[in-house]
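This is my_file06.pdb. It holds PDB, C-alpha atoms and all ligand atoms.
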```pdb
ATOM      1  CA  ARG A  39       8.987   2.817  11.850
ATOM      2  CA  LYS A  40       9.297   6.533  12.577
ATOM      3  CA  ASP A  41       8.541   7.756   9.029
ATOM      4  CA  LEU A  42       5.823   7.238   6.441
ATOM      5  CA  ILE A  43       7.493   7.650   3.070
ATOM      6  CA  SER A  44       5.651   5.183   0.832
ATOM      7  CA  ILE A  45       2.976   2.504   0.731
ATOM      8  CA  GLU A  46       5.386   0.326  -1.264
ATOM      9  CA  SER A  47       7.511  -0.105   1.862
ATOM     10  CA  LEU A  48       4.579  -0.933   4.200
ATOM     11  CA  THR A  49       3.363  -4.414   5.051
ATOM     12  CA  ARG A  50      -0.286  -5.481   4.896
ATOM     13  CA  GLU A  51      -0.219  -5.625   8.715
ATOM     14  CA  GLU A  52       0.978  -2.021   8.954
ATOM     15  CA  ILE A  53      -1.868  -0.878   6.679
ATOM     16  CA  ASP A  54      -4.321  -2.811   8.861
ATOM     17  CA  THR A  55      -2.870  -1.168  11.986
ATOM     18  CA  VAL A  56      -3.339   2.332  10.540
ATOM     19  CA  HIS A  57      -6.913   1.506   9.523
ATOM     20  CA  ALA A  58      -7.789   0.010  12.910
ATOM     21  CA  LEU A  59      -6.483   3.084  14.732
ATOM     22  CA  ALA A  60      -8.207   5.430  12.234
ATOM     23  CA  LYS A  61     -11.497   3.590  12.881
ATOM     24  CA  HIS A  62     -10.947   3.961  16.618
ATOM     25  CA  PHE A  63     -10.287   7.704  16.266
ATOM     26  CA  LYS A  64     -13.347   8.082  14.018
ATOM     27  CA  GLU A  65     -15.551   6.396  16.642
ATOM     28  CA  ILE A  66     -14.156   8.568  19.450
ATOM     29  CA  MET A  67     -14.577  11.759  17.406
ATOM     30  CA  ALA A  68     -18.195  10.846  16.563
ATOM     31  CA  THR A  69     -19.152  10.917  20.235
ATOM     32  CA  ASN A  70     -16.664  13.459  21.569
ATOM     33  CA  PRO A  71     -15.111  15.800  19.003
ATOM     34  CA  ALA A  72     -12.936  17.553  21.595
ATOM     35  CA  SER A  73      -9.183  17.119  21.270
ATOM     36  CA  LEU A  74      -7.489  14.042  22.619
ATOM     37  CA  PRO A  75      -4.546  14.837  24.895
ATOM     38  CA  SER A  76      -2.128  12.333  23.282
ATOM     39  CA  LEU A  77       0.215  14.880  21.656
ATOM     40  CA  ARG A  78      -0.227  17.851  23.970
ATOM     41  CA  GLY A  79       2.970  19.908  24.050
ATOM     42  CA  ARG A  80       4.224  18.434  20.742
ATOM     43  CA  THR A  81       4.745  20.547  17.608
ATOM     44  CA  ILE A  82       4.033  19.357  14.093
ATOM     45  CA  LEU A  83       5.449  21.280  11.168
ATOM     46  CA  ASN A  84       3.477  21.166   7.928
ATOM     47  CA  LEU A  85       5.989  21.982   5.203
ATOM     48  CA  PHE A  86       3.988  22.410   1.993
ATOM     49  CA  ILE A  87       6.252  23.297  -0.914
ATOM     50  CA  GLU A  88       3.481  22.557  -3.437
ATOM     51  CA  PRO A  89      -0.182  23.663  -3.332
ATOM     52  CA  SER A  90      -2.713  21.599  -1.403
ATOM     53  CA  THR A  91      -6.163  22.064   0.079
ATOM     54  CA  ARG A  92      -7.403  18.690   1.353
ATOM     55  CA  THR A  93      -4.132  17.174   2.541
ATOM     56  CA  ARG A  94      -2.858  20.324   4.234
ATOM     57  CA  ILE A  95      -6.092  21.039   6.078
ATOM     58  CA  ALA A  96      -6.688  17.391   7.056
ATOM     59  CA  PHE A  97      -3.151  17.112   8.488
ATOM     60  CA  GLU A  98      -3.712  20.322  10.441
ATOM     61  CA  ILE A  99      -7.057  19.184  11.856
ATOM     62  CA  ALA A 100      -5.643  15.716  12.601
ATOM     63  CA  ALA A 101      -2.718  17.164  14.563
ATOM     64  CA  LYS A 102      -4.993  19.529  16.502
ATOM     65  CA  ARG A 103      -7.442  16.725  17.314
ATOM     66  CA  LEU A 104      -4.500  14.926  18.922
ATOM     67  CA  GLY A 105      -3.687  18.010  20.983
ATOM     68  CA  ALA A 106      -0.520  19.026  19.099
ATOM     69  CA  ASP A 107       0.499  22.540  18.060
ATOM     70  CA  VAL A 108       0.782  22.998  14.301
ATOM     71  CA  THR A 109       2.950  25.364  12.278
ATOM     72  CA  LEU A 110       2.469  25.731   8.536
ATOM     73  CA  VAL A 111       5.294  26.721   6.218
ATOM     74  CA  GLU A 112       4.454  27.267   2.561
ATOM     75  CA  GLN A 113       6.964  27.924  -0.171
ATOM     76  CA  ALA A 114       5.888  31.497  -0.935
ATOM     77  CA  ALA A 115       6.252  32.473   2.726
ATOM     78  CA  SER A 116       9.535  30.701   3.394
ATOM     79  CA  SER A 117      13.205  31.364   2.759
ATOM     80  CA  LEU A 118      13.133  28.599   0.114
ATOM     81  CA  THR A 119      12.188  31.447  -2.271
ATOM     82  CA  LYS A 120      15.538  33.063  -1.359
ATOM     83  CA  GLY A 121      17.407  29.936  -2.403
ATOM     84  CA  GLU A 122      17.728  28.193   0.949
ATOM     85  CA  SER A 123      18.096  24.446   0.418
ATOM     86  CA  LEU A 124      15.663  21.834   1.693
ATOM     87  CA  ARG A 125      18.487  20.461   3.837
ATOM     88  CA  ASP A 126      19.078  23.819   5.547
ATOM     89  CA  THR A 127      15.333  24.335   5.962
ATOM     90  CA  ALA A 128      15.119  20.903   7.599
ATOM     91  CA  GLN A 129      17.947  21.665   9.988
ATOM     92  CA  VAL A 130      16.227  24.901  10.978
ATOM     93  CA  VAL A 131      13.100  22.849  11.645
ATOM     94  CA  GLU A 132      15.049  20.543  13.930
ATOM     95  CA  ALA A 133      16.716  23.428  15.733
ATOM     96  CA  LEU A 134      13.274  24.920  16.362
ATOM     97  CA  GLN A 135      12.338  21.604  17.996
ATOM     98  CA  ALA A 136       9.546  20.432  15.729
ATOM     99  CA  ASP A 137       8.530  16.913  16.775
ATOM    100  CA  THR A 138       7.297  15.763  13.336
ATOM    101  CA  VAL A 139       7.529  17.107   9.799
ATOM    102  CA  VAL A 140       4.811  16.616   7.194
ATOM    103  CA  LEU A 141       6.244  17.338   3.743
ATOM    104  CA  ARG A 142       4.601  17.959   0.383
ATOM    105  CA  HIS A 143       7.099  18.614  -2.378
ATOM    106  CA  SER A 144       7.181  18.501  -6.158
ATOM    107  CA  ALA A 145      10.455  16.536  -6.119
ATOM    108  CA  ALA A 146      10.050  12.775  -5.853
ATOM    109  CA  GLY A 147      12.302  11.450  -3.097
ATOM    110  CA  SER A 148      12.394  14.619  -0.986
ATOM    111  CA  PRO A 149      10.587  13.055   2.045
ATOM    112  CA  LEU A 150      12.996  10.099   1.994
ATOM    113  CA  TYR A 151      15.925  12.513   1.830
ATOM    114  CA  LEU A 152      14.599  14.505   4.819
ATOM    115  CA  SER A 153      13.920  11.334   6.807
ATOM    116  CA  LYS A 154      17.597  10.429   6.562
ATOM    117  CA  ILE A 155      18.674  13.841   7.881
ATOM    118  CA  LEU A 156      16.141  14.378  10.657
ATOM    119  CA  ASN A 157      15.766  12.425  13.861
ATOM    120  CA  VAL A 158      12.076  13.263  14.092
ATOM    121  CA  PRO A 159       9.378  11.507  12.002
ATOM    122  CA  VAL A 160       8.871  12.624   8.408
ATOM    123  CA  ILE A 161       5.485  11.997   6.789
ATOM    124  CA  ASN A 162       5.123  12.167   3.021
ATOM    125  CA  ALA A 163       2.140  14.316   2.024
ATOM    126  CA  GLY A 164       2.788  13.752  -1.700
ATOM    127  CA  ASP A 165       6.139  13.871  -3.529
ATOM    128  CA  GLY A 166       6.132  14.551  -7.267
ATOM    129  CA  ALA A 167       4.824  11.589  -9.251
ATOM    130  CA  HIS A 168       6.221   9.135  -6.685
ATOM    131  CA  GLU A 169       3.729   8.469  -3.848
ATOM    132  CA  HIS A 170       0.927   9.966  -1.775
ATOM    133  CA  PRO A 171       0.704   7.368   0.987
ATOM    134  CA  THR A 172      -1.878   8.983   3.255
ATOM    135  CA  GLN A 173      -4.207   9.408   0.258
ATOM    136  CA  ALA A 174      -4.045   5.655  -0.419
ATOM    137  CA  LEU A 175      -4.611   4.901   3.264
ATOM    138  CA  LEU A 176      -7.753   7.034   3.366
ATOM    139  CA  ASP A 177      -8.936   5.702  -0.012
ATOM    140  CA  THR A 178      -8.616   2.049   0.981
ATOM    141  CA  PHE A 179     -10.140   2.844   4.411
ATOM    142  CA  THR A 180     -13.169   4.336   2.592
ATOM    143  CA  MET A 181     -13.400   1.276   0.315
ATOM    144  CA  ARG A 182     -13.367  -1.019   3.354
ATOM    145  CA  GLU A 183     -16.178   1.009   4.921
ATOM    146  CA  LYS A 184     -18.231   0.756   1.736
ATOM    147  CA  LEU A 185     -17.396  -2.751   0.476
ATOM    148  CA  GLY A 186     -16.574  -4.580   3.701
ATOM    149  CA  GLN A 187     -13.300  -5.103   5.538
ATOM    150  CA  SER A 188     -12.006  -7.632   3.012
ATOM    151  CA  LEU A 189     -11.117  -6.221  -0.377
ATOM    152  CA  GLU A 190      -9.977  -9.693  -1.576
ATOM    153  CA  GLY A 191     -11.087 -10.141  -5.187
ATOM    154  CA  LYS A 192     -12.800  -6.748  -5.462
ATOM    155  CA  LYS A 193     -12.249  -5.039  -8.825
ATOM    156  CA  ILE A 194     -10.972  -1.471  -8.558
ATOM    157  CA  THR A 195     -10.704   0.412 -11.844
ATOM    158  CA  ILE A 196      -8.436   3.456 -11.807
ATOM    159  CA  LEU A 197      -9.233   5.700 -14.754
ATOM    160  CA  GLY A 198      -7.360   8.708 -16.038
ATOM    161  CA  ASP A 199      -3.924  10.224 -15.779
ATOM    162  CA  ILE A 200      -2.028   7.279 -14.313
ATOM    163  CA  LEU A 201       1.366   8.277 -15.708
ATOM    164  CA  PHE A 202       1.734  11.415 -13.598
ATOM    165  CA  SER A 203      -0.236  10.175 -10.596
ATOM    166  CA  ARG A 204       1.336   9.561  -7.203
ATOM    167  CA  VAL A 205      -2.186   8.701  -6.010
ATOM    168  CA  ALA A 206      -2.418   5.870  -8.552
ATOM    169  CA  ARG A 207       0.962   4.462  -7.554
ATOM    170  CA  SER A 208       0.201   4.492  -3.820
ATOM    171  CA  ASN A 209      -3.248   2.990  -4.357
ATOM    172  CA  ILE A 210      -1.857   0.243  -6.603
ATOM    173  CA  PHE A 211       0.591  -0.759  -3.850
ATOM    174  CA  ALA A 212      -2.077  -0.588  -1.126
ATOM    175  CA  LEU A 213      -4.749  -2.456  -3.094
ATOM    176  CA  ASN A 214      -2.332  -5.204  -4.136
ATOM    177  CA  LYS A 215      -1.348  -5.711  -0.492
ATOM    178  CA  LEU A 216      -5.041  -5.859   0.490
ATOM    179  CA  GLY A 217      -5.794  -8.517  -2.160
ATOM    180  CA  ALA A 218      -7.909  -6.385  -4.513
ATOM    181  CA  SER A 219      -7.655  -6.666  -8.269
ATOM    182  CA  VAL A 220      -6.629  -3.387  -9.953
ATOM    183  CA  THR A 221      -7.443  -2.423 -13.551
ATOM    184  CA  LEU A 222      -5.999   0.718 -15.115
ATOM    185  CA  SER A 223      -7.742   2.485 -17.975
ATOM    186  CA  GLY A 224      -7.499   5.709 -19.940
ATOM    187  CA  PRO A 225      -5.648   7.000 -23.013
ATOM    188  CA  ALA A 226      -2.634   4.840 -23.926
ATOM    189  CA  THR A 227      -0.263   7.800 -23.509
ATOM    190  CA  LEU A 228      -1.400   8.235 -19.885
ATOM    191  CA  VAL A 229      -1.628   4.505 -19.034
ATOM    192  CA  PRO A 230       1.718   3.019 -20.019
ATOM    193  CA  ASP A 231       1.870  -0.745 -20.487
ATOM    194  CA  GLY A 232       4.859  -0.826 -18.118
ATOM    195  CA  PHE A 233       2.472  -0.439 -15.189
ATOM    196  CA  ARG A 234       1.639  -4.149 -15.651
ATOM    197  CA  GLN A 235       4.924  -4.783 -13.845
ATOM    198  CA  LEU A 236       3.206  -3.458 -10.707
ATOM    199  CA  GLY A 237       0.787  -6.418 -10.845
ATOM    200  CA  VAL A 238      -2.234  -4.713 -12.398
ATOM    201  CA  GLU A 239      -4.402  -5.208 -15.492
ATOM    202  CA  VAL A 240      -4.254  -2.545 -18.201
ATOM    203  CA  ASP A 241      -7.521  -2.379 -20.151
ATOM    204  CA  LEU A 242      -7.837   0.537 -22.566
ATOM    205  CA  ASP A 243     -11.393  -0.501 -23.512
ATOM    206  CA  LEU A 244     -13.356   1.709 -21.159
ATOM    207  CA  LYS A 245     -16.539  -0.352 -21.312
ATOM    208  CA  SER A 246     -14.869  -3.571 -20.207
ATOM    209  CA  ALA A 247     -12.696  -1.715 -17.653
ATOM    210  CA  LEU A 248     -15.864  -0.374 -16.012
ATOM    211  CA  ALA A 249     -17.890  -3.590 -16.270
ATOM    212  CA  ASP A 250     -17.867  -5.582 -12.999
ATOM    213  CA  ALA A 251     -15.876  -2.863 -11.190
ATOM    214  CA  ASP A 252     -16.789  -2.440  -7.527
ATOM    215  CA  VAL A 253     -15.064   0.934  -7.466
ATOM    216  CA  VAL A 254     -14.116   3.386 -10.183
ATOM    217  CA  MET A 255     -11.445   5.777  -9.014
ATOM    218  CA  LEU A 256     -11.069   8.783 -11.264
ATOM    219  CA  LEU A 257      -7.888  10.804 -11.386
ATOM    220  CA  ARG A 258      -7.470  14.447 -12.219
ATOM    221  CA  ILE A 259      -6.046  15.200 -15.655
ATOM    222  CA  GLN A 260      -2.856  16.969 -14.596
ATOM    223  CA  HIS A 261      -2.632  19.283 -17.588
ATOM    224  CA  GLU A 262       0.009  21.363 -15.814
ATOM    225  CA  ARG A 263       2.412  18.367 -15.991
ATOM    226  CA  GLN A 264       1.461  17.345 -19.557
ATOM    227  CA  THR A 265       3.750  19.481 -21.668
ATOM    228  CA  SER A 266       3.856  17.244 -24.772
ATOM    229  CA  THR A 267       1.332  17.106 -27.621
ATOM    230  CA  HIS A 268       1.145  13.309 -27.137
ATOM    231  CA  PHE A 269      -1.421  13.877 -24.433
ATOM    232  CA  PRO A 270      -5.118  14.532 -25.108
ATOM    233  CA  SER A 271      -6.514  18.002 -24.580
ATOM    234  CA  LEU A 272      -9.094  18.403 -21.806
ATOM    235  CA  GLY A 273     -11.841  18.438 -24.462
ATOM    236  CA  GLU A 274     -10.542  15.261 -26.106
ATOM    237  CA  TYR A 275     -10.230  13.548 -22.744
ATOM    238  CA  LYS A 276     -13.781  14.495 -21.779
ATOM    239  CA  SER A 277     -15.255  13.192 -25.026
ATOM    240  CA  LEU A 278     -13.329   9.896 -25.005
ATOM    241  CA  TYR A 279     -12.922   8.999 -21.296
ATOM    242  CA  GLY A 280     -14.872  11.448 -19.119
ATOM    243  CA  LEU A 281     -17.289   9.632 -16.794
ATOM    244  CA  ASN A 282     -20.753  10.826 -17.759
ATOM    245  CA  GLN A 283     -24.211   9.383 -17.149
ATOM    246  CA  GLU A 284     -24.054   7.126 -20.212
ATOM    247  CA  ARG A 285     -20.688   5.608 -19.282
ATOM    248  CA  ALA A 286     -21.719   5.330 -15.632
ATOM    249  CA  SER A 287     -24.605   3.098 -16.811
ATOM    250  CA  TRP A 288     -21.933   0.523 -17.803
ATOM    251  CA  LEU A 289     -21.064   0.183 -14.089
ATOM    252  CA  LYS A 290     -22.782  -2.218 -11.700
ATOM    253  CA  PRO A 291     -25.649  -0.418  -9.903
ATOM    254  CA  ASP A 292     -23.850  -0.600  -6.551
ATOM    255  CA  ALA A 293     -20.394   0.441  -7.812
ATOM    256  CA  ILE A 294     -19.031   3.517  -6.059
ATOM    257  CA  ILE A 295     -17.284   6.535  -7.599
ATOM    258  CA  MET A 296     -14.129   7.896  -5.968
ATOM    259  CA  HIS A 297     -11.823  10.805  -6.741
ATOM    260  CA  PRO A 298      -8.926  12.068  -4.589
ATOM    261  CA  GLY A 299      -9.633  15.663  -5.667
ATOM    262  CA  PRO A 300      -9.287  18.292  -6.823
ATOM    263  CA  VAL A 301     -11.865  17.410  -9.506
ATOM    264  CA  ASN A 302     -11.878  18.958 -12.968
ATOM    265  CA  ARG A 303     -15.686  19.000 -13.072
ATOM    266  CA  GLY A 304     -16.980  18.286 -16.549
ATOM    267  CA  VAL A 305     -13.638  16.806 -17.676
ATOM    268  CA  GLU A 306     -12.919  13.485 -15.932
ATOM    269  CA  LEU A 307     -16.256  13.512 -14.087
ATOM    270  CA  ASP A 308     -19.680  15.015 -14.765
ATOM    271  CA  SER A 309     -20.936  17.271 -11.979
ATOM    272  CA  SER A 310     -24.177  15.266 -11.763
ATOM    273  CA  LEU A 311     -22.140  12.147 -10.852
ATOM    274  CA  ALA A 312     -19.713  13.964  -8.539
ATOM    275  CA  ASP A 313     -22.697  15.113  -6.486
ATOM    276  CA  SER A 314     -24.686  11.869  -6.750
ATOM    277  CA  ASN A 315     -25.190   9.292  -4.003
ATOM    278  CA  ARG A 316     -22.794   6.941  -5.862
ATOM    279  CA  SER A 317     -19.957   9.369  -5.153
ATOM    280  CA  VAL A 318     -17.967   8.988  -1.910
ATOM    281  CA  ILE A 319     -15.644  11.921  -2.629
ATOM    282  CA  LEU A 320     -16.535  13.834   0.521
ATOM    283  CA  GLN A 321     -16.329  10.697   2.699
ATOM    284  CA  GLN A 322     -12.780  10.307   1.377
ATOM    285  CA  VAL A 323     -11.969  13.851   2.496
ATOM    286  CA  ALA A 324     -13.473  13.287   5.957
ATOM    287  CA  ASN A 325     -11.668   9.966   6.404
ATOM    288  CA  GLY A 326      -8.439  11.796   5.637
ATOM    289  CA  ILE A 327      -8.546  13.309   9.113
ATOM    290  CA  PHE A 328      -8.772   9.972  10.966
ATOM    291  CA  ASN A 329      -6.154   8.218   8.841
ATOM    292  CA  ARG A 330      -3.750  11.136   9.291
ATOM    293  CA  MET A 331      -4.393  11.127  13.052
ATOM    294  CA  ALA A 332      -3.428   7.440  13.015
ATOM    295  CA  VAL A 333      -0.317   7.993  10.909
ATOM    296  CA  ILE A 334       0.905  10.941  13.003
ATOM    297  CA  TYR A 335       0.305   9.049  16.234
ATOM    298  CA  LEU A 336       1.943   5.792  15.077
ATOM    299  CA  CYS A 337       5.024   7.530  13.648
ATOM    300  CA  MET A 338       5.483   9.651  16.778
ATOM    301  CA  ALA A 339       4.938   6.668  19.064
ATOM    302  CA  ALA A 340       7.522   4.664  17.103
ATOM    303  CA  ASN A 341       9.999   7.509  17.600
ATOM    304  CA  ASN A 342       9.207   8.056  21.264
ATOM    305  CA  LYS A 343       8.105   5.007  23.206
ATOM    306  CA  ASN A 344       7.204   7.236  26.177
ATOM    307  CA  LEU A 345       4.300   8.623  24.174
ATOM    308  CA  ILE A 346       2.357   5.394  24.618
ATOM    309  CA  SER A 347       2.622   5.420  28.406
ATOM    310  CA  GLU A 348       2.120   9.195  28.819
TER     311      GLU A 348
HETATM  312  N1  LIG A 401      -5.941  14.733  -2.894
HETATM  313  C1  LIG A 401      -5.071  15.730  -2.651
HETATM  314  O1  LIG A 401      -3.878  15.503  -2.432
HETATM  315  O2  LIG A 401      -5.624  16.969  -2.681
HETATM  316  P1  LIG A 401      -4.846  18.320  -2.314
HETATM  317  O3  LIG A 401      -3.824  18.545  -3.406
HETATM  318  O4  LIG A 401      -5.907  19.377  -2.267
HETATM  319  O5  LIG A 401      -4.167  18.115  -0.994
END
```

Is it possible to give me this structure as structure tokens?
Ligand code: CP
Amino acid sequence: RKDLISIESLTREEIDTVHALAKHFKEIMATNPASLPSLRGRTILNLFIEPSTRTRIAFEIAAKRLGADVTLVEQAASSLTKGESLRDTAQVVEALQADTVVLRHSAAGSPLYLSKILNVPVINAGDGAHEHPTQALLDTFTMREKLGQSLEGKKITILGDILFSRVARSNIFALNKLGASVTLSGPATLVPDGFRQLGVEVDLDLKSALADADVVMLLRIQHERQTSTHFPSLGEYKSLYGLNQERASWLKPDAIIMHPGPVNRGVELDSSLADSNRSVILQQVANGIFNRMAVIYLCMAANNKNLISE
């Protein structure tokens, strides 16, 4: 397929293919960090219409490691602020001969919409509360590095703001496909019972949600999206659900702590744990480069069979 829009639409085999290629790129980069020539002469457009640090920079490094040229367009510096539509922006992109578009947008569905207009690959870098597929690919890649290639039967507890989280949705789809068992926990208003329909456990008792977990994945409390008084304040969240040393003692000694970032230190996660050797947060960030190299390469190769033989 030329686009990466969601994990929901991927097969287990496609996830395995991305991970195998990401592992290959990681091994090559460990011995020779110079650029590969695979995408020399190609242009990748990073269209970030919502703020990002990790995803934007990792996509840029990934593209450059593959030899491509990269152009960044951010909302504040684009004609979108003058009212130009996403469709017109996309057609400009095509006229300027970009070979791939990476899109982050606050509107769920915008990458799918662009993929239907453009002939070049479109890669979703996070769309509203819908999906963040490359985050789930790098998260599950990191879990496989830490827990072993098979995640069958492993218990992954996702704790926090599930309701507004595209990261949670993409990880639920990826982990289900990889055979892991997913438990969601957090305040009832942020962990709706309806998520059970996605094939996960919902356990609002934090102690039992953490017990036996192989991984606890914390999510940022997205206070900017929580406009209703139904949601806990940051202080309430910290006192009831924040992962501190006492609550971390409920975990198995070898359980790992993950967070996609950015972290609200002292809210969903104590600084002492974020910086501890149980935390793999920075490995997640680093693995983002290799997984995005794999995704860019596979999407571009699917769109241009010549790329493989060049
Ligand atoms: N995890 C993640 O998407 O972080 P950024 O918003 O910094 O890209």

Query raised in the report: Once you count only C-alpha atoms and all ligand atoms, which residues end up within 10 Å of ligand LIG 401 (chain A), and could you hand them over as JSON, numbers by chain?
Result: {"A": [86, 88, 89, 90, 91, 92, 93, 94, 95, 96, 97, 142, 163, 164, 170, 171, 172, 173, 174, 177, 204, 205, 257, 258, 297, 298, 299, 300, 301, 322, 323, 326]}

Requested in this report: Skip A:Ala133 itself and residues of its chain fewer than 4 positions away, then list as number ranges by chain all residues within 12 Å of it, counting all atoms listed in the file.
Outcome: A: 126-129, 137, 156-158

Same residues, C-alpha atoms, output as a PDB file, keeping the file's coordinate frame:
```pdb
ATOM      1  CA  ASP A 126      19.078  23.819   5.547  1.00  0.00           C
ATOM      2  CA  THR A 127      15.333  24.335   5.962  1.00  0.00           C
ATOM      3  CA  ALA A 128      15.119  20.903   7.599  1.00  0.00           C
ATOM      4  CA  GLN A 129      17.947  21.665   9.988  1.00  0.00           C
ATOM      5  CA  ASP A 137       8.530  16.913  16.775  1.00  0.00           C
ATOM      6  CA  LEU A 156      16.141  14.378  10.657  1.00  0.00           C
ATOM      7  CA  ASN A 157      15.766  12.425  13.861  1.00  0.00           C
ATOM      8  CA  VAL A 158      12.076  13.263  14.092  1.00  0.00           C
TER       9      VAL A 158
END
```

Report task. In the coordinates of the file, take the point (-13.0, 9.7, 13.6) and a cut-off of 12 Å; then, counting only C-alpha atoms, name each qualifying protein, DNA or RNA residue as a ChimeraX atom specification. Result -> /A:57-74,96,99-100,103-104,176,179,321,323-332

Residue subset to file, keeping C-alpha atoms, as a PDB file, in the coordinates of the input:
```
ATOM      1  CA  HIS A  57      -6.913   1.506   9.523  1.00  0.00           C
ATOM      2  CA  ALA A  58      -7.789   0.010  12.910  1.00  0.00           C
ATOM      3  CA  LEU A  59      -6.483   3.084  14.732  1.00  0.00           C
ATOM      4  CA  ALA A  60      -8.207   5.430  12.234  1.00  0.00           C
ATOM      5  CA  LYS A  61     -11.497   3.590  12.881  1.00  0.00           C
ATOM      6  CA  HIS A  62     -10.947   3.961  16.618  1.00  0.00           C
ATOM      7  CA  PHE A  63     -10.287   7.704  16.266  1.00  0.00           C
ATOM      8  CA  LYS A  64     -13.347   8.082  14.018  1.00  0.00           C
ATOM      9  CA  GLU A  65     -15.551   6.396  16.642  1.00  0.00           C
ATOM     10  CA  ILE A  66     -14.156   8.568  19.450  1.00  0.00           C
ATOM     11  CA  MET A  67     -14.577  11.759  17.406  1.00  0.00           C
ATOM     12  CA  ALA A  68     -18.195  10.846  16.563  1.00  0.00           C
ATOM     13  CA  THR A  69     -19.152  10.917  20.235  1.00  0.00           C
ATOM     14  CA  ASN A  70     -16.664  13.459  21.569  1.00  0.00           C
ATOM     15  CA  PRO A  71     -15.111  15.800  19.003  1.00  0.00           C
ATOM     16  CA  ALA A  72     -12.936  17.553  21.595  1.00  0.00           C
ATOM     17  CA  SER A  73      -9.183  17.119  21.270  1.00  0.00           C
ATOM     18  CA  LEU A  74      -7.489  14.042  22.619  1.00  0.00           C
ATOM     19  CA  ALA A  96      -6.688  17.391   7.056  1.00  0.00           C
ATOM     20  CA  ILE A  99      -7.057  19.184  11.856  1.00  0.00           C
ATOM     21  CA  ALA A 100      -5.643  15.716  12.601  1.00  0.00           C
ATOM     22  CA  ARG A 103      -7.442  16.725  17.314  1.00  0.00           C
ATOM     23  CA  LEU A 104      -4.500  14.926  18.922  1.00  0.00           C
ATOM     24  CA  LEU A 176      -7.753   7.034   3.366  1.00  0.00           C
ATOM     25  CA  PHE A 179     -10.140   2.844   4.411  1.00  0.00           C
ATOM     26  CA  GLN A 321     -16.329  10.697   2.699  1.00  0.00           C
ATOM     27  CA  VAL A 323     -11.969  13.851   2.496  1.00  0.00           C
ATOM     28  CA  ALA A 324     -13.473  13.287   5.957  1.00  0.00           C
ATOM     29  CA  ASN A 325     -11.668   9.966   6.404  1.00  0.00           C
ATOM     30  CA  GLY A 326      -8.439  11.796   5.637  1.00  0.00           C
ATOM     31  CA  ILE A 327      -8.546  13.309   9.113  1.00  0.00           C
ATOM     32  CA  PHE A 328      -8.772   9.972  10.966  1.00  0.00           C
ATOM     33  CA  ASN A 329      -6.154   8.218   8.841  1.00  0.00           C
ATOM     34  CA  ARG A 330      -3.750  11.136   9.291  1.00  0.00           C
ATOM     35  CA  MET A 331      -4.393  11.127  13.052  1.00  0.00           C
ATOM     36  CA  ALA A 332      -3.428   7.440  13.015  1.00  0.00           C
TER      37      ALA A 332
END
```

Query raised in the report: Exactly which residues make up the result of the PyMOL selection byres (((chain A and resi 139) around 10) and not hetatm) on this file, given as a PyMOL selection string?
Result: chain A and resi 41+81-85+109+128+131-132+136-138+140-142+149+152-153+156+158-163+334

Query raised in the report: For A:Arg125, which of A:Gly105, A:Ala249, A:Glu190, A:Leu150 is the closest residue, counting all atoms listed in the file?
Result: A:Leu150

Report task. Neighbourhood query: residues within 6 Å of (-15.3, 2.0, -8.0), file coordinates, counting only C-alpha atoms; return as JSON, numbers by chain. Result -> {"A": [194, 251, 252, 253, 254, 255, 293, 294, 295]}

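Note that the spacing between atom CA of A:Asp241 and atom CA of A:Gly166 amounts to 25.3 Å.
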
**Report entry** Shell around A:Val229 at 12 Å using only C-alpha atoms, local window under 5 positions removed, as a ChimeraX atom specification
**Finding:** /A:196-203,206-207,221-224,234,238-243,257,269

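We find atom CA of A:Leu244 and atom CA of A:Ala226 to be spaced 11.5 Å apart.
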
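Distance check against A:Leu256 using all atoms listed in the file: of A:Met181, A:Leu213, A:Ala339, A:Leu307, the minimum falls on A:Leu307.
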
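From atom CA of A:Glu52 back to atom CA of A:Ala340, the distance works out to 12.4 Å.
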
Query raised in the report: Any chance you could work out the residue set of the PyMOL selection byres (((chain A and resi 312) around 10) and not hetatm) here, as a ChimeraX atom specification?
Result: /A:281-282,295-297,301,303-304,307-311,313-320

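Among the candidates A:Lys290, A:Arg285, A:Arg78, A:His143, the one nearest to A:Glu169 when counting all atoms listed in the file is A:His143.
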
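Across A:Asn342, A:Gly217, A:Lys120, A:Gly280, the tightest approach to A:Arg182 is made by A:Gly217 when counting only C-alpha atoms.
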
Taking all atoms of stretch 146-151 of chain A that appear in the file, build a box with edges along x, y and z, extend it by 8 Å on every side, and state its centre and edge lengths in Å to one decimal, as lines of an AutoDock Vina configuration file.
```
center_x = 13.0
center_y = 12.4
center_z = -1.9
size_x = 21.9
size_y = 20.5
size_z = 23.9
```

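The nearest approach to A:Ala101 among the residues A:Leu228, A:Met338, A:Leu185, A:Ile210, with only C-alpha atoms taken into account, belongs to A:Met338.
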